[in-house]
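Pasted below: start_21.txt, compact mmCIF, C-alpha atoms.
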# COMPACT_ATOMS: atom_id res chain seq x y z
CA MET A 3 20.55 72.10 -35.77
CA PRO A 4 21.66 68.50 -35.28
CA GLU A 5 18.66 66.32 -34.48
CA SER A 6 18.37 62.73 -33.34
CA PRO A 7 19.23 61.06 -36.70
CA GLU A 8 22.50 63.00 -37.08
CA VAL A 9 23.41 62.67 -33.41
CA ASP A 10 22.73 58.94 -33.61
CA ALA A 11 25.07 58.66 -36.60
CA LEU A 12 27.76 60.54 -34.68
CA ALA A 13 27.26 58.20 -31.73
CA GLY A 14 27.75 55.23 -34.03
CA PHE A 15 30.93 56.74 -35.45
CA LEU A 16 32.35 57.36 -31.99
CA ARG A 17 31.50 53.84 -30.86
CA GLU A 18 33.67 52.56 -33.69
CA ASN A 19 36.50 55.05 -33.20
CA ALA A 20 36.59 56.17 -29.56
CA VAL A 21 35.38 53.28 -27.42
CA GLY A 22 38.44 51.69 -25.85
CA ALA A 23 40.55 54.83 -26.36
CA ARG A 24 42.36 56.43 -23.43
CA ILE A 25 41.87 60.17 -22.92
CA GLU A 26 45.37 61.61 -22.70
CA ALA A 27 44.62 65.33 -22.69
CA VAL A 28 41.73 67.80 -22.71
CA GLU A 29 41.55 71.44 -23.72
CA LEU A 30 38.70 73.80 -22.90
CA ILE A 31 38.91 76.76 -25.28
CA GLU A 32 35.54 78.39 -24.58
CA PHE A 33 34.98 78.26 -20.80
CA ARG A 34 31.27 79.12 -21.17
CA ALA A 35 30.66 75.77 -22.84
CA LEU A 36 31.37 73.90 -19.60
CA LYS A 37 28.18 73.73 -17.55
CA THR A 38 29.66 71.84 -14.58
CA ARG A 39 32.13 74.41 -13.29
CA ALA A 40 32.89 72.38 -10.18
CA ARG A 41 33.83 69.40 -12.36
CA PRO A 42 36.42 70.33 -14.99
CA LEU A 43 37.23 68.40 -18.13
CA ASP A 44 40.52 67.46 -16.45
CA GLU A 45 38.59 64.76 -14.56
CA LEU A 46 38.51 62.78 -17.79
CA VAL A 47 42.28 62.65 -18.29
CA GLY A 48 43.60 59.12 -17.91
CA GLU A 49 40.17 57.53 -18.26
CA THR A 50 39.14 55.15 -21.04
CA VAL A 51 35.95 55.55 -23.10
CA THR A 52 33.69 52.57 -22.40
CA ALA A 53 30.50 53.46 -24.32
CA VAL A 54 28.73 56.18 -26.29
CA ARG A 55 25.03 56.72 -25.70
CA ARG A 56 22.45 59.03 -27.25
CA PHE A 57 19.70 60.78 -25.28
CA GLY A 58 17.55 62.76 -27.72
CA LYS A 59 19.94 65.37 -29.16
CA HIS A 60 22.57 64.76 -26.44
CA LEU A 61 25.52 62.36 -26.39
CA SER A 62 27.24 60.77 -23.43
CA LEU A 63 30.83 59.56 -23.66
CA ASP A 64 30.92 57.10 -20.80
CA SER A 65 34.32 56.34 -19.30
CA THR A 66 35.98 54.35 -16.56
CA GLY A 67 35.61 57.51 -14.48
CA ALA A 68 33.14 60.33 -15.08
CA ASP A 69 30.93 60.68 -18.16
CA LEU A 70 31.05 63.60 -20.58
CA VAL A 71 27.66 64.77 -21.84
CA ILE A 72 27.66 66.84 -25.02
CA SER A 73 24.47 68.85 -25.54
CA PHE A 74 24.63 70.11 -29.11
CA GLY A 75 22.08 72.89 -28.85
CA ARG A 76 21.24 74.87 -31.94
CA ALA A 77 24.52 74.82 -33.86
CA GLY A 78 26.89 72.48 -32.09
CA TRP A 79 28.69 69.60 -33.74
CA ALA A 80 31.97 67.69 -33.67
CA THR A 81 35.04 66.96 -35.76
CA TRP A 82 37.37 63.97 -35.62
CA SER A 83 41.02 63.49 -36.46
CA ASP A 84 42.69 60.09 -36.57
CA GLY A 85 46.09 61.64 -35.98
CA THR A 86 47.29 61.52 -39.57
CA ALA A 87 46.30 65.08 -40.51
CA PRO A 88 47.48 68.31 -38.86
CA THR A 89 45.03 70.00 -36.51
CA ASP A 90 44.49 73.67 -35.82
CA ASP A 91 46.47 74.57 -32.71
CA ALA A 92 45.52 78.23 -32.69
CA GLY A 93 42.60 77.59 -30.34
CA SER A 94 40.01 79.42 -32.41
CA GLY A 95 38.81 76.68 -34.74
CA GLN A 96 39.35 76.19 -38.41
CA ALA A 97 39.69 79.30 -40.55
CA ASP A 98 36.85 78.24 -42.82
CA GLY A 99 34.70 76.44 -40.25
CA PRO A 100 32.95 76.80 -36.90
CA ALA A 101 34.86 77.69 -33.75
CA ILE A 102 36.31 74.82 -31.74
CA LEU A 103 35.15 75.00 -28.13
CA ALA A 104 36.98 72.04 -26.62
CA ARG A 105 39.18 69.09 -27.55
CA LEU A 106 39.72 65.60 -26.23
CA ARG A 107 42.95 63.94 -27.30
CA PHE A 108 43.19 60.16 -27.21
CA ASP A 109 46.04 57.71 -27.42
CA GLY A 110 47.35 57.18 -30.93
CA GLY A 111 46.97 60.85 -31.79
CA ARG A 112 43.21 60.72 -32.26
CA GLU A 113 41.22 63.84 -31.41
CA LEU A 114 37.59 64.77 -30.90
CA ALA A 115 36.78 68.49 -31.12
CA VAL A 116 33.39 70.00 -30.36
CA THR A 117 32.33 73.07 -32.31
CA ASP A 118 29.58 75.66 -32.48
CA ALA A 119 28.62 77.48 -35.68
CA GLY A 120 25.98 79.73 -34.14
CA ALA A 121 25.97 83.47 -33.60
CA TRP A 122 25.50 82.68 -29.90
CA LEU A 123 26.85 79.77 -27.91
CA SER A 124 24.44 76.86 -27.58
CA LEU A 125 26.62 73.76 -27.13
CA GLY A 126 27.11 72.59 -23.57
CA LEU A 127 29.53 70.17 -21.90
CA SER A 128 28.83 68.47 -18.58
CA VAL A 129 31.11 66.20 -16.57
CA VAL A 130 28.80 63.97 -14.52
CA ASP A 131 28.54 60.62 -12.78
CA ASP A 132 25.40 59.79 -14.74
CA PRO A 133 23.83 61.47 -17.82
CA GLY A 134 20.58 61.73 -15.87
CA ASP A 135 22.29 64.32 -13.69
CA VAL A 136 21.99 66.76 -16.62
CA SER A 137 18.61 68.46 -16.18
CA SER A 138 17.81 68.64 -19.90
CA ILE A 139 18.30 64.88 -20.16
CA ALA A 140 16.38 64.16 -16.97
CA LYS A 141 13.38 66.03 -18.41
CA LEU A 142 13.37 64.32 -21.81
CA GLY A 143 10.16 62.73 -22.99
CA PRO A 144 9.94 59.45 -24.94
CA ASP A 145 12.02 59.09 -28.09
CA PRO A 146 9.54 58.76 -30.99
CA SER A 147 12.13 56.86 -33.05
CA ALA A 148 12.37 54.11 -30.45
CA ARG A 149 11.03 50.65 -31.11
CA GLY A 150 7.65 50.29 -29.51
CA TYR A 151 6.70 53.96 -29.66
CA SER A 152 2.98 53.85 -30.40
CA GLN A 153 0.01 55.88 -31.53
CA ALA A 154 -1.14 55.92 -27.91
CA ASP A 155 2.17 57.47 -26.87
CA LEU A 156 1.72 60.25 -29.41
CA ASP A 157 -1.94 60.76 -28.54
CA ALA A 158 -0.92 61.27 -24.92
CA VAL A 159 1.13 64.26 -26.08
CA LEU A 160 -1.45 65.67 -28.48
CA VAL A 161 -4.91 65.28 -26.99
CA GLY A 162 -6.10 68.37 -25.18
CA ARG A 163 -2.94 70.40 -25.85
CA ARG A 164 -3.59 73.99 -26.91
CA LYS A 165 -0.17 74.26 -28.52
CA GLN A 166 0.81 74.67 -32.15
CA LEU A 167 1.93 71.44 -33.80
CA ARG A 168 5.34 72.65 -34.95
CA ALA A 169 6.22 73.89 -31.49
CA LEU A 170 4.87 70.75 -29.83
CA LEU A 171 6.94 68.43 -32.02
CA GLN A 172 10.04 70.27 -30.82
CA GLU A 173 9.07 70.17 -27.13
CA GLN A 174 11.81 67.91 -25.77
CA GLU A 175 9.85 67.09 -22.62
CA SER A 176 7.19 65.51 -24.87
CA LEU A 177 9.13 64.18 -27.86
CA ALA A 178 12.88 63.75 -27.54
CA GLY A 179 15.17 64.48 -30.45
CA ILE A 180 13.11 66.44 -32.99
CA GLY A 181 14.11 69.96 -34.03
CA GLY A 182 12.95 72.48 -36.59
CA ALA A 183 13.95 70.65 -39.76
CA TYR A 184 12.30 67.32 -39.07
CA SER A 185 9.22 68.94 -37.55
CA ASP A 186 8.72 70.73 -40.89
CA GLU A 187 9.26 67.50 -42.85
CA ILE A 188 6.94 65.49 -40.62
CA LEU A 189 4.11 68.01 -40.87
CA PHE A 190 4.52 68.21 -44.64
CA ALA A 191 4.33 64.43 -44.93
CA ALA A 192 1.21 64.44 -42.73
CA ARG A 193 -0.29 67.39 -44.67
CA LEU A 194 -0.95 69.31 -41.48
CA ASP A 195 -0.78 73.04 -40.83
CA PRO A 196 2.18 73.75 -38.51
CA LEU A 197 0.15 76.43 -36.71
CA MET A 198 -2.80 74.16 -35.95
CA HIS A 199 -3.31 73.41 -32.27
CA ALA A 200 -2.83 69.79 -31.29
CA SER A 201 -6.20 69.76 -29.51
CA ASP A 202 -7.95 70.49 -32.82
CA LEU A 203 -6.70 67.35 -34.57
CA THR A 204 -9.21 64.70 -35.51
CA GLU A 205 -8.50 61.02 -34.86
CA ASP A 206 -7.64 60.59 -38.55
CA GLU A 207 -5.23 63.53 -38.45
CA ARG A 208 -3.53 62.16 -35.35
CA ALA A 209 -3.11 58.85 -37.17
CA ARG A 210 -1.61 60.62 -40.19
CA LEU A 211 0.79 62.48 -37.95
CA PHE A 212 1.91 59.26 -36.27
CA VAL A 213 2.62 57.56 -39.60
CA ALA A 214 4.50 60.62 -40.88
CA LEU A 215 6.49 60.91 -37.65
CA ARG A 216 7.66 57.32 -37.75
CA GLU A 217 8.35 57.23 -41.50
CA VAL A 218 10.25 60.53 -41.72
CA LEU A 219 12.44 59.66 -38.75
CA ALA A 220 13.09 56.11 -39.96
CA GLU A 221 14.13 57.39 -43.39
CA ALA A 222 16.38 60.02 -41.81
CA PHE A 223 18.09 57.55 -39.49
CA ALA A 224 18.74 55.23 -42.43
CA ALA A 225 20.02 58.06 -44.63
CA CYS A 226 22.53 59.20 -42.00
CA VAL A 227 24.23 55.82 -41.66
CA GLY A 228 27.67 55.78 -43.23
CA VAL A 229 27.73 59.51 -44.03
CA PRO A 230 31.02 61.07 -42.81
CA ILE A 231 30.39 63.30 -39.82
CA ASP A 232 31.70 66.36 -41.66
CA ARG A 233 29.06 65.76 -44.38
CA GLN A 234 26.05 65.18 -42.15
CA LYS A 235 24.82 68.80 -42.24
CA ALA A 236 25.06 69.14 -46.04
CA GLU A 237 23.47 65.75 -46.67
CA LYS A 238 20.63 66.58 -44.30
CA ALA A 239 19.94 69.88 -46.07
CA ALA A 240 19.90 68.14 -49.45
CA ARG A 241 17.25 65.66 -48.25
CA MET A 242 14.81 68.31 -47.05
CA ARG A 243 11.61 68.63 -49.06
CA VAL A 244 10.24 71.85 -47.55
CA HIS A 245 12.55 72.89 -44.73
CA GLY A 246 14.92 75.60 -45.89
CA ARG A 247 13.23 75.79 -49.30
CA ALA A 248 11.15 78.97 -49.06
CA GLY A 249 10.28 80.29 -52.52
CA GLU A 250 10.70 76.93 -54.24
CA PRO A 251 7.84 74.97 -55.83
CA CYS A 252 6.12 72.43 -53.62
CA PRO A 253 7.64 69.01 -54.36
CA GLU A 254 4.21 67.38 -54.51
CA GLY A 255 1.75 70.01 -55.67
CA ASP A 256 1.18 73.35 -57.38
CA GLY A 257 1.91 75.48 -54.35
CA VAL A 258 5.02 77.35 -53.28
CA VAL A 259 6.96 76.69 -50.08
CA VAL A 260 6.87 79.67 -47.71
CA ASP A 261 8.12 80.52 -44.24
CA VAL A 262 5.95 79.49 -41.33
CA PRO A 263 4.53 82.71 -39.86
CA GLY A 264 6.26 83.75 -36.67
CA THR A 265 9.37 81.61 -37.17
CA LYS A 266 11.52 84.39 -38.68
CA GLY A 267 12.44 82.11 -41.56
CA ALA A 268 13.44 79.14 -39.39
CA GLY A 269 10.50 77.00 -40.51
CA GLN A 270 8.84 76.31 -43.86
CA TYR A 271 5.68 74.65 -45.19
CA CYS A 272 3.40 74.52 -48.23
CA PRO A 273 0.14 76.33 -47.42
CA ALA A 274 -1.55 74.77 -50.47
CA CYS A 275 -0.92 71.25 -49.15
CA GLN A 276 -0.99 71.84 -45.43
CA THR A 277 -4.28 73.64 -44.93
CA ARG A 278 -7.59 72.01 -44.07
Can you give me the file's structure in the form of structure tokens?
Amino acid sequence: MPESPEVDALAGFLRENAVGARIEAVELIEFRALKTRARPLDELVGETVTAVRRFGKHLSLDSTGADLVISFGRAGWATWSDGTAPTDDAGSGQADGPAILARLRFDGGRELAVTDAGAWLSLGLSVVDDPGDVSSIAKLGPDPSARGYSQADLDAVLVGRRKQLRALLQEQESLAGIGGAYSDEILFAARLDPLMHASDLTEDERARLFVALREVLAEAFAACVGVPIDRQKAEKAARMRVHGRAGEPCPEGDGVVVDVPGTKGAGQYCPACQTR
């Protein structure tokens, strides 16, 4: 799942490569990906990209006309061609990669393709006048990676909440941009049980969680800078300390990393380190 650090890196790449480009053609290959049926991708043809903005795990390609919001979901991502390499024109994606759902072709032969590698479709495209018109963006909570995000902001999410920490960190209405991987890494850094309820945290534990949240995200944002977009997923996996590493030794203790109960293998932690 792409999370805010990877999506932010993609936004930076597109600012460098797509802003100022004219959209010459669009192709919707998987019609289910378009969430604004009354507003087709064709609205974008002839418009020029003016900005690229990130909202949690969503991107907006702003243009001189409508904006295109890309909601990456669980397994969505993007590919880019500068026009010097042949692209797959079969309409089903690369033979050895995820299926291409839609393409935007720019002047100069450049192309942005959005993909989904999941067993079920999760990426969504919305043609809107303002990104806030997309309900999942309108409902987003504060971005914990933003400058000025404070302990008080996090406490407002945690105090009194009878919800498990791992699930709460991924609740986009409370904390925008965090998914399964970074929630595992944050809780490992804070040495907190992912199944603990937020309301049970002491003041010291809330402080540890805040420090871990800020540090893990800051390190991830920095690590993503300059990584080619087709390498972001692999580089992210390589950086993980516990996420995706069930059965491996704990990187900081004598325990063994195991799956978080109830996650069906989607989350991992070290019970020796992350238990009161």
Mind giving me the straight-line distance from CA of Leu170 (chain A) to CA of Glu8 (chain A) in Å, one decimal?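 Interatomic distance here is 20.6 Å.
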Region 35-45 of chain A: which residues within 12 Å, counting only C-alpha atoms, same-chain residues fewer than 4 positions away excluded, as JSON, numbers by chain? {"A": [25, 26, 27, 28, 29, 30, 31, 49, 50, 65, 66, 67, 68, 69, 70, 71, 72, 73, 74, 75, 78, 101, 102, 103, 104, 105, 106, 107, 116, 117, 118, 122, 123, 124, 125, 126, 127, 128, 129, 130, 131, 135, 136, 137, 138]}
Can you pull out every residue within 12 Å of Asp206 (chain A), counting only C-alpha atoms, but drop anything in the same chain fewer than 3 positions away, and send it as a PyMOL selection string? chain A and resi 153+157+192-194+202-203+209-213
Give the answer as one residue: which of A:Gln234, A:Ser6, A:Asn19, A:Thr277 has the shortest atom-to-atom distance to Ala53 (chain A), using all atoms listed in the file?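 Of A:Gln234, A:Ser6, A:Asn19, A:Thr277, the one nearest Ala53 (chain A), counting all atoms listed in the file, is A:Asn19.
Across A:Val229, A:Ala178, A:Cys275, A:Ala183, the tightest approach to Arg243 (chain A) is made by A:Ala183 when counting all atoms listed in the file.
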Taking (23.7, 56.2, -39.1) in the file's own coordinates, collect the residues within 8 Å, counting all atoms listed in the file, and hand them back as a list in words. Pro7, Glu8, Asp10, Ala11, Leu12, Gly14, Phe223, Ala224, Ala225, Cys226, Val227, Gly228 and Val229 of chain A
What does the distance between CA of Lys238 (chain A) and CA of Pro133 (chain A) come to in Å, to one decimal place?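 Computed distance, CA of Lys238 (chain A) to CA of Pro133 (chain A), equals 27.2 Å.
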Need to verify the contact set: Phe190 (chain A), 7 Å, all atoms listed in the file, exclusion of same-chain residues closer than 4 positions in sequence. Can you return it as a PDB file with C-alpha atoms, keeping the file's coordinate frame?
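Resulting contents of result36.pdb:
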ATOM      1  CA  ASP A 186       8.720  70.730 -40.890  1.00  0.00           C
ATOM      2  CA  LEU A 194      -0.950  69.310 -41.480  1.00  0.00           C
ATOM      3  CA  TYR A 271       5.680  74.650 -45.190  1.00  0.00           C
ATOM      4  CA  GLN A 276      -0.990  71.840 -45.430  1.00  0.00           C
TER       5      GLN A 276
END
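Nearest to Gly269 (chain A) of all the residues A:Arg241, A:Arg56, A:Arg208, A:Arg168 is A:Arg168, based on all atoms listed in the file.
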Separation of CA of Trp79 (chain A) from CA of Leu63 (chain A) in Å: 14.4 Å
So that I can check the surroundings of Glu113 (chain A), please list as a tab-separated table (two decimals) with C-alpha atoms, in the coordinates of the input every protein, DNA and RNA residue that reaches within 9 Å of it, counting only C-alpha atoms and ignoring chain neighbours fewer than 4 positions away.
chain	number	residue	atom	x	y	z
A	81	THR	CA	35.04	66.96	-35.76
A	82	TRP	CA	37.37	63.97	-35.62
A	83	SER	CA	41.02	63.49	-36.46
A	84	ASP	CA	42.69	60.09	-36.57
A	85	GLY	CA	46.09	61.64	-35.98
A	89	THR	CA	45.03	70.00	-36.51
A	105	ARG	CA	39.18	69.09	-27.55
A	106	LEU	CA	39.72	65.60	-26.23
A	107	ARG	CA	42.95	63.94	-27.30
A	108	PHE	CA	43.19	60.16	-27.21
A	109	ASP	CA	46.04	57.71	-27.42
Close residues, region 162-166 of chain A itself excluded, 10 Å, only C-alpha atoms, min 6 positions apart in chain, as a list in words: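 Neighbouring residues, sequence-local ones excluded: Asp195, Pro196, Leu197, Met198, His199, Ala200, Ser201, Asp202 and Leu203 of chain A.
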Could you check which of A:Ala13, A:Leu177, A:Leu142, A:Ala80 is closest to Arg55 (chain A), using all atoms listed in the file? A:Ala13
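With distances taken over all atoms listed in the file, A:Glu187 is the one residue among A:Glu187, A:Asp155, A:Asp145, A:Glu175 lying closest to Ala239 (chain A).
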